[in-house]
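S.K.: Okay, so here is target15.pdb, and as you'll see once you scroll down, it has PDB, C-alpha atoms.
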```pdb
MODEL        1
ATOM      1  CA  MET A   1       0.000   0.000   0.000
ATOM      2  CA  SER A   2       1.212   3.488  -0.772
ATOM      3  CA  LEU A   3       0.000   7.054  -1.215
ATOM      4  CA  ARG A   4       1.566   9.586  -3.552
ATOM      5  CA  LYS A   5       2.483  13.075  -2.409
ATOM      6  CA  GLY A   6       3.704  14.839  -5.507
ATOM      7  CA  ASN A   7       6.202  12.401  -7.013
ATOM      8  CA  LYS A   8       6.876  10.669  -3.694
ATOM      9  CA  ILE A   9       5.118   7.572  -2.399
ATOM     10  CA  ILE A  10       4.140   7.448   1.275
ATOM     11  CA  ALA A  11       4.518   3.873   2.522
ATOM     12  CA  GLY A  12       1.640   2.138   4.286
ATOM     13  CA  SER A  13      -1.272   3.898   2.598
ATOM     14  CA  PRO A  14      -3.815   1.974   0.472
ATOM     15  CA  GLU A  15      -3.345   1.768  -3.283
ATOM     16  CA  ILE A  16      -6.052   2.274  -5.859
ATOM     17  CA  VAL A  17      -6.755  -1.148  -7.347
ATOM     18  CA  GLU A  18      -9.594  -0.160  -9.668
ATOM     19  CA  SER A  19     -11.485   2.915 -10.744
ATOM     20  CA  GLY A  20     -14.054   3.662 -13.366
ATOM     21  CA  SER A  21     -17.202   5.405 -14.381
ATOM     22  CA  ASN A  22     -20.529   4.555 -15.966
ATOM     23  CA  ALA A  23     -23.980   6.078 -16.327
ATOM     24  CA  ASN A  24     -24.343   5.891 -12.512
ATOM     25  CA  GLY A  25     -21.248   7.973 -11.675
ATOM     26  CA  THR A  26     -17.659   7.137 -10.757
ATOM     27  CA  TYR A  27     -16.022   4.790  -8.259
ATOM     28  CA  VAL A  28     -12.591   4.151  -6.745
ATOM     29  CA  LYS A  29     -11.636   0.845  -5.059
ATOM     30  CA  TYR A  30      -8.689   0.709  -2.655
ATOM     31  CA  SER A  31      -6.506  -2.251  -1.681
ATOM     32  CA  ASP A  32      -7.693  -2.097   1.945
ATOM     33  CA  GLY A  33     -11.291  -2.849   0.842
ATOM     34  CA  ARG A  34     -12.630   0.727   0.929
ATOM     35  CA  MET A  35     -14.599   2.134  -1.984
ATOM     36  CA  GLU A  36     -15.826   5.625  -2.785
ATOM     37  CA  CYS A  37     -18.587   6.440  -5.258
ATOM     38  CA  TYR A  38     -19.524   9.857  -6.600
ATOM     39  CA  LYS A  39     -22.424  11.036  -8.726
ATOM     40  CA  ARG A  40     -24.407  14.130  -9.645
ATOM     41  CA  VAL A  41     -28.169  13.898 -10.047
ATOM     42  CA  THR A  42     -29.928  16.669 -11.950
ATOM     43  CA  GLN A  43     -33.708  17.053 -12.224
ATOM     44  CA  THR A  44     -35.731  19.921 -13.616
ATOM     45  CA  GLY A  45     -39.147  21.203 -12.704
ATOM     46  CA  VAL A  46     -39.248  19.831  -9.137
ATOM     47  CA  LYS A  47     -42.485  21.121  -7.625
ATOM     48  CA  LEU A  48     -42.461  21.942  -3.912
ATOM     49  CA  THR A  49     -46.186  22.412  -3.431
ATOM     50  CA  GLY A  50     -47.141  19.670  -0.972
ATOM     51  CA  THR A  51     -47.689  20.839   2.595
ATOM     52  CA  TRP A  52     -45.951  19.322   5.601
ATOM     53  CA  TYR A  53     -46.094  20.901   9.075
ATOM     54  CA  GLY A  54     -46.337  24.403   7.632
ATOM     55  CA  LEU A  55     -43.552  23.816   5.098
ATOM     56  CA  TYR A  56     -43.630  22.783   1.439
ATOM     57  CA  ILE A  57     -42.245  19.492   0.120
ATOM     58  CA  ASN A  58     -42.224  17.638  -3.196
ATOM     59  CA  GLU A  59     -45.638  17.664  -4.868
ATOM     60  CA  ASN A  60     -47.875  14.691  -3.993
ATOM     61  CA  ASP A  61     -45.224  13.465  -1.538
ATOM     62  CA  THR A  62     -42.981  12.436  -4.439
ATOM     63  CA  THR A  63     -39.237  11.964  -4.098
ATOM     64  CA  VAL A  64     -36.119  12.626  -6.173
ATOM     65  CA  ASP A  65     -34.729   9.203  -7.112
ATOM     66  CA  LEU A  66     -30.928   9.170  -6.806
ATOM     67  CA  GLY A  67     -30.524   6.003  -8.889
ATOM     68  CA  ASN A  68     -27.745   3.463  -8.250
ATOM     69  CA  TYR A  69     -24.069   3.735  -7.363
ATOM     70  CA  ALA A  70     -21.453   3.221 -10.074
ATOM     71  CA  ALA A  71     -20.436   0.022  -8.221
ATOM     72  CA  THR A  72     -22.125  -1.968  -5.440
ATOM     73  CA  PHE A  73     -20.875  -1.983  -1.845
ATOM     74  CA  ILE A  74     -20.924  -5.164   0.287
ATOM     75  CA  GLU A  75     -22.859  -3.292   2.987
ATOM     76  CA  GLU A  76     -24.677   0.000   3.193
ATOM     77  CA  PRO A  77     -22.111   2.838   2.927
ATOM     78  CA  VAL A  78     -21.975   6.225   4.629
ATOM     79  CA  VAL A  79     -23.658   8.703   2.285
ATOM     80  CA  ASN A  80     -23.399  12.468   1.995
ATOM     81  CA  ILE A  81     -25.912  14.242  -0.234
ATOM     82  CA  THR A  82     -25.394  17.920  -0.978
ATOM     83  CA  TYR A  83     -28.096  20.083  -2.540
ATOM     84  CA  MET A  84     -26.394  22.428  -4.984
ATOM     85  CA  GLY A  85     -28.983  25.006  -5.792
ATOM     86  CA  GLY A  86     -29.855  27.582  -3.187
ATOM     87  CA  ASN A  87     -33.474  28.598  -3.755
ATOM     88  CA  GLY A  88     -34.016  28.498   0.021
ATOM     89  CA  CYS A  89     -34.457  24.719  -0.037
ATOM     90  CA  TRP A  90     -32.982  21.902   1.999
ATOM     91  CA  LEU A  91     -33.038  18.095   1.987
ATOM     92  CA  ILE A  92     -35.268  15.967   4.187
ATOM     93  CA  ASN A  93     -36.051  12.236   4.250
ATOM     94  CA  ASN A  94     -33.444  10.020   2.641
ATOM     95  CA  ASN A  95     -35.410   6.812   2.083
ATOM     96  CA  TYR A  96     -34.847   3.439   0.434
ATOM     97  CA  HIS A  97     -31.041   3.565   0.584
ATOM     98  CA  SER A  98     -29.026   0.335   0.325
ATOM     99  CA  ALA A  99     -25.644  -1.112  -0.655
ATOM    100  CA  SER A 100     -26.497  -0.454  -4.311
ATOM    101  CA  SER A 101     -28.379   2.866  -4.142
ATOM    102  CA  PRO A 102     -28.306   6.163  -2.210
ATOM    103  CA  GLY A 103     -32.114   6.031  -2.254
ATOM    104  CA  LYS A 104     -34.583   8.852  -2.703
ATOM    105  CA  VAL A 105     -34.828  12.280  -1.098
ATOM    106  CA  GLN A 106     -37.347  15.039  -0.665
ATOM    107  CA  LEU A 107     -36.729  18.764  -0.733
ATOM    108  CA  CYS A 108     -38.307  21.232   1.649
ATOM    109  CA  THR A 109     -38.840  24.995   1.572
ATOM    110  CA  VAL A 110     -40.825  27.720   3.357
ATOM    111  CA  SER A 111     -42.893  28.810   0.333
ATOM    112  CA  SER A 112     -44.601  26.948  -2.502
ATOM    113  CA  ARG A 113     -42.472  26.965  -5.676
ATOM    114  CA  THR A 114     -41.112  25.056  -8.645
ATOM    115  CA  ILE A 115     -37.334  24.705  -8.791
ATOM    116  CA  GLY A 116     -35.921  25.196 -12.275
ATOM    117  CA  THR A 117     -33.003  22.801 -11.822
ATOM    118  CA  CYS A 118     -32.312  20.599  -8.811
ATOM    119  CA  ILE A 119     -28.687  19.394  -8.562
ATOM    120  CA  LEU A 120     -27.709  16.844  -5.915
ATOM    121  CA  ASP A 121     -24.108  15.705  -5.402
ATOM    122  CA  VAL A 122     -23.813  12.258  -3.814
ATOM    123  CA  THR A 123     -20.700  10.841  -2.140
ATOM    124  CA  ALA A 124     -20.721   7.335  -0.654
ATOM    125  CA  LYS A 125     -17.902   5.659   1.283
ATOM    126  CA  GLY A 126     -17.890   2.024   2.344
ATOM    127  CA  LYS A 127     -16.441  -1.423   1.612
ATOM    128  CA  TRP A 128     -16.221  -3.332  -1.652
ATOM    129  CA  LYS A 129     -14.625  -6.435  -0.116
TER     130      LYS A 129
ENDMDL
END
```
Would you mind writing the structure in this file as structure tokens?

M.R.:
Amino acid sequence: MSLRKGNKIIAGSPEIVESGSNANGTYVKYSDGRMECYKRVTQTGVKLTGTWYGLYINENDTTVDLGNYAATFIEEPVVNITYMGGNGCWLINNNYHSASSPGKVQLCTVSSRTIGTCILDVTAKGKWK
């Protein structure tokens, strides 16, 4: 195992054994069994018109499906989902996540609106072996 710092290799750090990309994003597998997956999900016309405790969520209680990871983990990974859009919105409810998918999310806001473009960046870290 080794890690590069500039042109130098730092002994003892895990090596990348495989990396790639597909329609579901990118992945990196390390020799110590860790894997990281990254993807960007873009949807247009997300309607935040459903009411929920005085706030507004996805219309008809719908969700934004985040699809699958670029590679499957052996167990459910740690997931970070970042909403890249402003518009006074934030994420709530990450449901149906698994070793193969980050699941589905809902957006929430303080006033009824339609978001032109909703961009979600997903990072997952876990084990591939």

S.K.: With all atoms listed in the file as the atoms that count, which of A:Thr72, A:Thr117, A:Ser111, A:Thr51 lies nearest to Met35 of chain A?

M.R.: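 So, comparing all the options, the nearest one is A:Thr72.
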
S.K.: Assuming the chain letters and numbering stay as they are in my file, what does the PyMOL selection byres ((chain A and resi 61) around 10) actually select? List them as a count of residues only.

M.R.: 13

S.K.: Using Å and a single decimal, report how far atom CA of Gly67 of chain A sits from atom CA of Tyr96 of chain A.

M.R.: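 Going from atom CA of Tyr96 of chain A over to atom CA of Gly67 of chain A covers 10.6 Å.
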
S.K.: Could you tell me how far atom CA of Thr82 of chain A lies from atom CA of Leu55 of chain A, in Å and to one decimal?

M.R.: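 Atom CA of Leu55 of chain A lies at a distance of 20.0 Å from atom CA of Thr82 of chain A.
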
S.K.: Edge lengths and centre in Å to one decimal, as lines of an AutoDock Vina configuration file, is what I'm after for the box along x, y and z that holds all listed atoms of segment 122-125 of chain A once 3 Å is added on each side.

M.R.:
```
center_x = -20.9
center_y = 9.0
center_z = -1.3
size_x = 11.9
size_y = 12.6
size_z = 11.1
```

S.K.: Tell me, in Å to one decimal, how far atom CA of Ile74 of chain A is from atom CA of Ser100 of chain A.

M.R.: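 Between atom CA of Ile74 of chain A and atom CA of Ser100 of chain A the gap works out to 8.6 Å.
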
S.K.: Report the residues retrieved by the PyMOL selection byres ((chain A and resi 85) around 10) from the displayed file, expressed as a list in words.

M.R.: Thr82, Tyr83, Met84, Gly86, Asn87, Gly88, Cys89, Trp90, Ile115, Gly116, Thr117, Cys118, Ile119 and Leu120 of chain A

S.K.: Please provide the set of residues having any atom within 6 Å of Lys39 of chain A, restricted to only C-alpha atoms, with same-chain residues fewer than 2 positions apart removed, written as a ChimeraX atom specification.

M.R.: /A:25,121-122

S.K.: Write out as an mmCIF file with C-alpha atoms, keeping the file's coordinate frame each polymer residue whose atoms come within 12 Å of Ala71 of chain A, counting only C-alpha atoms; drop sequence neighbours fewer than 4 positions from it.

M.R.:
```
data_model
loop_
_atom_site.group_PDB
_atom_site.id
_atom_site.type_symbol
_atom_site.label_atom_id
_atom_site.label_comp_id
_atom_site.auth_asym_id
_atom_site.auth_seq_id
_atom_site.Cartn_x
_atom_site.Cartn_y
_atom_site.Cartn_z
ATOM 1 C CA GLU A 18 -9.594 -0.160 -9.668
ATOM 2 C CA SER A 19 -11.485 2.915 -10.744
ATOM 3 C CA GLY A 20 -14.054 3.662 -13.366
ATOM 4 C CA SER A 21 -17.202 5.405 -14.381
ATOM 5 C CA ASN A 22 -20.529 4.555 -15.966
ATOM 6 C CA ALA A 23 -23.980 6.078 -16.327
ATOM 7 C CA ASN A 24 -24.343 5.891 -12.512
ATOM 8 C CA GLY A 25 -21.248 7.973 -11.675
ATOM 9 C CA THR A 26 -17.659 7.137 -10.757
ATOM 10 C CA TYR A 27 -16.022 4.790 -8.259
ATOM 11 C CA VAL A 28 -12.591 4.151 -6.745
ATOM 12 C CA LYS A 29 -11.636 0.845 -5.059
ATOM 13 C CA MET A 35 -14.599 2.134 -1.984
ATOM 14 C CA GLU A 36 -15.826 5.625 -2.785
ATOM 15 C CA CYS A 37 -18.587 6.440 -5.258
ATOM 16 C CA TYR A 38 -19.524 9.857 -6.600
ATOM 17 C CA LYS A 39 -22.424 11.036 -8.726
ATOM 18 C CA GLY A 67 -30.524 6.003 -8.889
ATOM 19 C CA GLU A 75 -22.859 -3.292 2.987
ATOM 20 C CA PRO A 77 -22.111 2.838 2.927
ATOM 21 C CA ALA A 99 -25.644 -1.112 -0.655
ATOM 22 C CA SER A 100 -26.497 -0.454 -4.311
ATOM 23 C CA SER A 101 -28.379 2.866 -4.142
ATOM 24 C CA PRO A 102 -28.306 6.163 -2.210
ATOM 25 C CA ALA A 124 -20.721 7.335 -0.654
ATOM 26 C CA LYS A 125 -17.902 5.659 1.283
ATOM 27 C CA GLY A 126 -17.890 2.024 2.344
ATOM 28 C CA LYS A 127 -16.441 -1.423 1.612
ATOM 29 C CA TRP A 128 -16.221 -3.332 -1.652
ATOM 30 C CA LYS A 129 -14.625 -6.435 -0.116
#
```

S.K.: Nearest residue to Phe73 of chain A out of A:Arg113, A:Gln43, A:Ser98, A:Tyr30, using all atoms listed in the file?

M.R.: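 Checking each candidate against Phe73 of chain A, we get A:Ser98 as the closest.
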
S.K.: What would the selection look like, as a PyMOL selection string, if the PyMOL selection byres ((chain A and resi 64) around 6) were run on the coordinates I just shared?

M.R.: chain A and resi 63+65+104-105

S.K.: Output requested as a CSV table (one decimal), in the frame of the given file - segment 58-92 of chain A, filled out with N, CA and C atoms.

M.R.:
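Now in selection.csv:
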```
chain,number,residue,atom,x,y,z
A,58,ASN,N,-41.9,18.1,-1.8
A,58,ASN,CA,-42.2,17.6,-3.2
A,58,ASN,C,-43.7,17.4,-3.4
A,59,GLU,N,-44.2,17.8,-4.5
A,59,GLU,CA,-45.6,17.7,-4.9
A,59,GLU,C,-46.1,16.2,-4.7
A,60,ASN,N,-47.3,16.0,-4.2
A,60,ASN,CA,-47.9,14.7,-4.0
A,60,ASN,C,-47.0,13.7,-3.2
A,61,ASP,N,-46.1,14.3,-2.4
A,61,ASP,CA,-45.2,13.5,-1.5
A,61,ASP,C,-44.3,12.6,-2.4
A,62,THR,N,-43.9,13.1,-3.6
A,62,THR,CA,-43.0,12.4,-4.4
A,62,THR,C,-41.6,12.6,-3.9
A,63,THR,N,-40.6,11.9,-4.5
A,63,THR,CA,-39.2,12.0,-4.1
A,63,THR,C,-38.4,12.1,-5.3
A,64,VAL,N,-37.1,12.6,-5.1
A,64,VAL,CA,-36.1,12.6,-6.2
A,64,VAL,C,-35.3,11.3,-6.1
A,65,ASP,N,-35.4,10.5,-7.1
A,65,ASP,CA,-34.7,9.2,-7.1
A,65,ASP,C,-33.3,9.4,-7.5
A,66,LEU,N,-32.4,9.0,-6.6
A,66,LEU,CA,-30.9,9.2,-6.8
A,66,LEU,C,-30.3,8.0,-7.6
A,67,GLY,N,-31.1,7.1,-8.0
A,67,GLY,CA,-30.5,6.0,-8.9
A,67,GLY,C,-29.6,5.0,-8.1
A,68,ASN,N,-28.7,4.4,-8.8
A,68,ASN,CA,-27.7,3.5,-8.2
A,68,ASN,C,-26.3,4.0,-8.2
A,69,TYR,N,-25.5,3.4,-7.4
A,69,TYR,CA,-24.1,3.7,-7.4
A,69,TYR,C,-23.4,3.2,-8.6
A,70,ALA,N,-22.2,3.7,-8.9
A,70,ALA,CA,-21.5,3.2,-10.1
A,70,ALA,C,-20.9,1.8,-9.8
A,71,ALA,N,-20.8,1.4,-8.6
A,71,ALA,CA,-20.4,0.0,-8.2
A,71,ALA,C,-21.2,-0.3,-6.9
A,72,THR,N,-21.4,-1.6,-6.6
A,72,THR,CA,-22.1,-2.0,-5.4
A,72,THR,C,-21.2,-2.2,-4.3
A,73,PHE,N,-21.6,-1.7,-3.1
A,73,PHE,CA,-20.9,-2.0,-1.8
A,73,PHE,C,-21.3,-3.3,-1.3
A,74,ILE,N,-20.5,-3.9,-0.3
A,74,ILE,CA,-20.9,-5.2,0.3
A,74,ILE,C,-21.9,-4.9,1.5
A,75,GLU,N,-21.9,-3.7,1.9
A,75,GLU,CA,-22.9,-3.3,3.0
A,75,GLU,C,-23.2,-1.8,2.8
A,76,GLU,N,-24.2,-1.4,3.4
A,76,GLU,CA,-24.7,0.0,3.2
A,76,GLU,C,-23.6,1.0,3.6
A,77,PRO,N,-23.2,1.9,2.7
A,77,PRO,CA,-22.1,2.8,2.9
A,77,PRO,C,-22.6,4.1,3.7
A,78,VAL,N,-21.7,4.9,4.1
A,78,VAL,CA,-22.0,6.2,4.6
A,78,VAL,C,-22.2,7.2,3.4
A,79,VAL,N,-23.3,7.9,3.4
A,79,VAL,CA,-23.7,8.7,2.3
A,79,VAL,C,-23.8,10.2,2.7
A,80,ASN,N,-23.2,11.0,1.8
A,80,ASN,CA,-23.4,12.5,2.0
A,80,ASN,C,-24.1,13.0,0.7
A,81,ILE,N,-25.2,13.7,0.9
A,81,ILE,CA,-25.9,14.2,-0.2
A,81,ILE,C,-26.0,15.8,-0.1
A,82,THR,N,-25.5,16.5,-1.0
A,82,THR,CA,-25.4,17.9,-1.0
A,82,THR,C,-26.3,18.5,-2.0
A,83,TYR,N,-27.2,19.4,-1.6
A,83,TYR,CA,-28.1,20.1,-2.5
A,83,TYR,C,-27.4,21.3,-3.1
A,84,MET,N,-27.2,21.4,-4.4
A,84,MET,CA,-26.4,22.4,-5.0
A,84,MET,C,-27.4,23.3,-5.7
A,85,GLY,N,-28.0,24.2,-5.0
A,85,GLY,CA,-29.0,25.0,-5.8
A,85,GLY,C,-29.5,26.3,-5.1
A,86,GLY,N,-29.3,26.4,-3.8
A,86,GLY,CA,-29.9,27.6,-3.2
A,86,GLY,C,-31.4,27.5,-3.2
A,87,ASN,N,-32.0,28.5,-3.7
A,87,ASN,CA,-33.5,28.6,-3.8
A,87,ASN,C,-34.2,28.5,-2.4
A,88,GLY,N,-33.4,28.6,-1.3
A,88,GLY,CA,-34.0,28.5,0.0
A,88,GLY,C,-34.6,27.1,0.3
A,89,CYS,N,-34.0,26.1,-0.2
A,89,CYS,CA,-34.5,24.7,0.0
A,89,CYS,C,-33.4,23.9,0.7
A,90,TRP,N,-33.9,22.8,1.3
A,90,TRP,CA,-33.0,21.9,2.0
A,90,TRP,C,-33.5,20.5,1.9
A,91,LEU,N,-32.7,19.5,2.1
A,91,LEU,CA,-33.0,18.1,2.0
A,91,LEU,C,-33.7,17.6,3.3
A,92,ILE,N,-34.7,16.7,3.1
A,92,ILE,CA,-35.3,16.0,4.2
A,92,ILE,C,-35.5,14.5,3.7
```
